[in-house]
Amino acid sequence: MINIVGDTHTHTVACDHAHSTLLENARQANKLGHAFLCLTEHAPAMPGGASRLHFGTIVGNLPRVIEGVTIIKGVELNILDYAGTVDLPEQMIAGLEWVIASYHPPCLEASTTAAHTRGWIKIAENPHIDVIGHCGRDWFEFEHRPALEAFKAYGKIVEINTHSLNFGGRCRQNCLKIAGLCAELEIPVVLGSDAHFCDLVGNVTGAAAMLEEIGFPKELVLNGDHDRFLQTVRRTGGRDI
């Protein structure tokens, strides 16, 4: 059974389309017995996303522990083109503790499979980005193997996003293929809820069941173990958490 000790992808009312506060999310994480919670609001290019002021102040202003849960202060960046451009400046990204980058239709028009693949490879080259966000969604289809080989080469973590499994289309099939390649290439993954309401924090049942279905190695699930997760965050970003 794959279990997690912290949710790596959550949103609060700092984004217009999320509906709970950080305090409510932390209480839910505590209720689940989680050790940590990643705060990953959408960056400003997303309509209704958090402002630059949010990302410039969360590290200094928020306490490390809320409701008995360690808060990891991060972002979900929006990819703006297929050359690796994202919507926060490098210096600000470097100061955050957990950096996801994702394709989102409101922020970028879909192109060709080749362009999407090139875009992921350019994102992989950015040393300040930790996590490849919900790449199983079929909005931006890409060539899985070359992109994942780049993720491996540049030390990226691949998110297996439970919310993606609710989208239908080719999303589940894509997620299965990506998870299988992560196992083959020994790429670490995290299971994230992508919660936009507190009751969904920590709900990664769909992603966990999918990984169990293919016999995914538990040691590659970073947020299945508290020490393993924190060691990774410290190593990838040189962050003192």
# chains A, B, ... in the order shown; residues from 1 in each chain; ligands from 1
$ residues_around --residues "Lys73 (chain A)" --least-positions-apart "2" --cutoff "10 Å" --atoms "only C-alpha atoms" --output "PDB file with C-alpha atoms, in the first residue's frame"
ATOM      1  CA  LEU A  37       2.179  20.478   3.445  1.00  0.00           C
ATOM      2  CA  CYS A  38       3.406  22.198   0.287  1.00  0.00           C
ATOM      3  CA  LEU A  39       1.808  25.569  -0.449  1.00  0.00           C
ATOM      4  CA  THR A  40       1.904  25.891  -4.254  1.00  0.00           C
ATOM      5  CA  GLU A  41      -0.301  28.710  -5.489  1.00  0.00           C
ATOM      6  CA  PHE A  55       5.618  34.817  -3.508  1.00  0.00           C
ATOM      7  CA  THR A  57       6.664  37.398   1.232  1.00  0.00           C
ATOM      8  CA  ILE A  58       5.614  33.814   2.064  1.00  0.00           C
ATOM      9  CA  VAL A  59       9.093  32.614   3.009  1.00  0.00           C
ATOM     10  CA  GLY A  60       9.681  35.430   5.470  1.00  0.00           C
ATOM     11  CA  LEU A  62       4.668  32.515   7.206  1.00  0.00           C
ATOM     12  CA  PRO A  63       5.650  30.390  10.199  1.00  0.00           C
ATOM     13  CA  ARG A  64       7.426  27.138   9.495  1.00  0.00           C
ATOM     14  CA  THR A  70       5.585  21.836   8.481  1.00  0.00           C
ATOM     15  CA  ILE A  71       4.756  24.290   5.695  1.00  0.00           C
ATOM     16  CA  VAL A  75       4.750  27.836  -6.251  1.00  0.00           C
ATOM     17  CA  GLY A  95      14.139  31.905  -2.982  1.00  0.00           C
ATOM     18  CA  LEU A  96      11.212  29.482  -2.807  1.00  0.00           C
ATOM     19  CA  GLU A  97      11.347  25.996  -1.324  1.00  0.00           C
ATOM     20  CA  TRP A  98       9.308  23.842  -3.716  1.00  0.00           C
ATOM     21  CA  VAL A  99       8.903  24.818  -7.361  1.00  0.00           C
TER      22      VAL A  99
END
$ closest_atom_pairs --of "region 18-92 of chain A" --to "region 124-128 of chain A" --cutoff "12 Å" --atoms "only C-alpha atoms" --output "CSV"
residue,atom,partner,partner_atom,distance
A:Gly74,CA,A:His128,CA,11.4
A:Val75,CA,A:His128,CA,11.4
A:Leu77,CA,A:His128,CA,11.1
A:Ile79,CA,A:Ala124,CA,11.8
A:Tyr82,CA,A:Ala124,CA,11.8
A:Ala83,CA,A:Glu125,CA,10.5
A:Gly84,CA,A:Asn126,CA,7.7
A:Thr85,CA,A:Asn126,CA,9.6
A:Val86,CA,A:Asn126,CA,10.1
A:Leu88,CA,A:His128,CA,11.2
A:Pro89,CA,A:His128,CA,10.7
A:Glu90,CA,A:His128,CA,7.6
A:Gln91,CA,A:His128,CA,9.3
A:Met92,CA,A:His128,CA,9.8
$ select_by_dssp --residues "region 1-182 of chain A" --states "helix (DSSP H, G or I)" --output "PyMOL selection string"
chain A and resi 22-31+52-61+90-94+113-124+138-140+144-153+162-166+171-182
$ closest_atom_pairs --of "region 57-120 of chain A" --to "region 15-30 of chain A" --cutoff "7 Å" --atoms "only C-alpha atoms" --output "tab-separated table"
residue	atom	partner	partner_atom	distance
A:Ile66	CA	A:Ala26	CA	6.3
A:Glu67	CA	A:Arg27	CA	5.8
A:Gly68	CA	A:Asn30	CA	6.5
A:Val69	CA	A:Asn30	CA	6.1
$ write_last_selection --atoms "all heavy atoms" --output "CSV table (one decimal), in the first residue's frame"
chain,number,residue,atom,x,y,z
A,66,ILE,N,2.4,25.2,11.1
A,66,ILE,CA,1.1,25.7,11.3
A,66,ILE,C,0.2,24.4,11.6
A,66,ILE,O,0.3,23.4,10.9
A,66,ILE,CB,0.5,26.4,10.0
A,66,ILE,CG1,1.3,27.7,9.7
A,66,ILE,CG2,-1.0,26.7,10.2
A,66,ILE,CD1,0.9,28.4,8.4
A,67,GLU,N,-0.5,24.5,12.7
A,67,GLU,CA,-1.4,23.4,13.1
A,67,GLU,C,-0.6,22.1,13.2
A,67,GLU,O,-1.1,21.0,12.9
A,67,GLU,CB,-2.5,23.2,12.2
A,67,GLU,CG,-3.5,24.4,12.2
A,67,GLU,CD,-4.3,24.4,13.5
A,67,GLU,OE1,-4.8,23.4,13.9
A,67,GLU,OE2,-4.4,25.5,14.1
A,68,GLY,N,0.7,22.2,13.7
A,68,GLY,CA,1.5,21.0,13.9
A,68,GLY,C,2.1,20.4,12.6
A,68,GLY,O,2.7,19.4,12.6
A,69,VAL,N,1.9,21.2,11.5
A,69,VAL,CA,2.4,20.7,10.2
A,69,VAL,C,3.4,21.6,9.6
A,69,VAL,O,3.3,22.8,9.6
A,69,VAL,CB,1.2,20.6,9.2
A,69,VAL,CG1,1.6,20.1,7.8
A,69,VAL,CG2,0.1,19.6,9.7
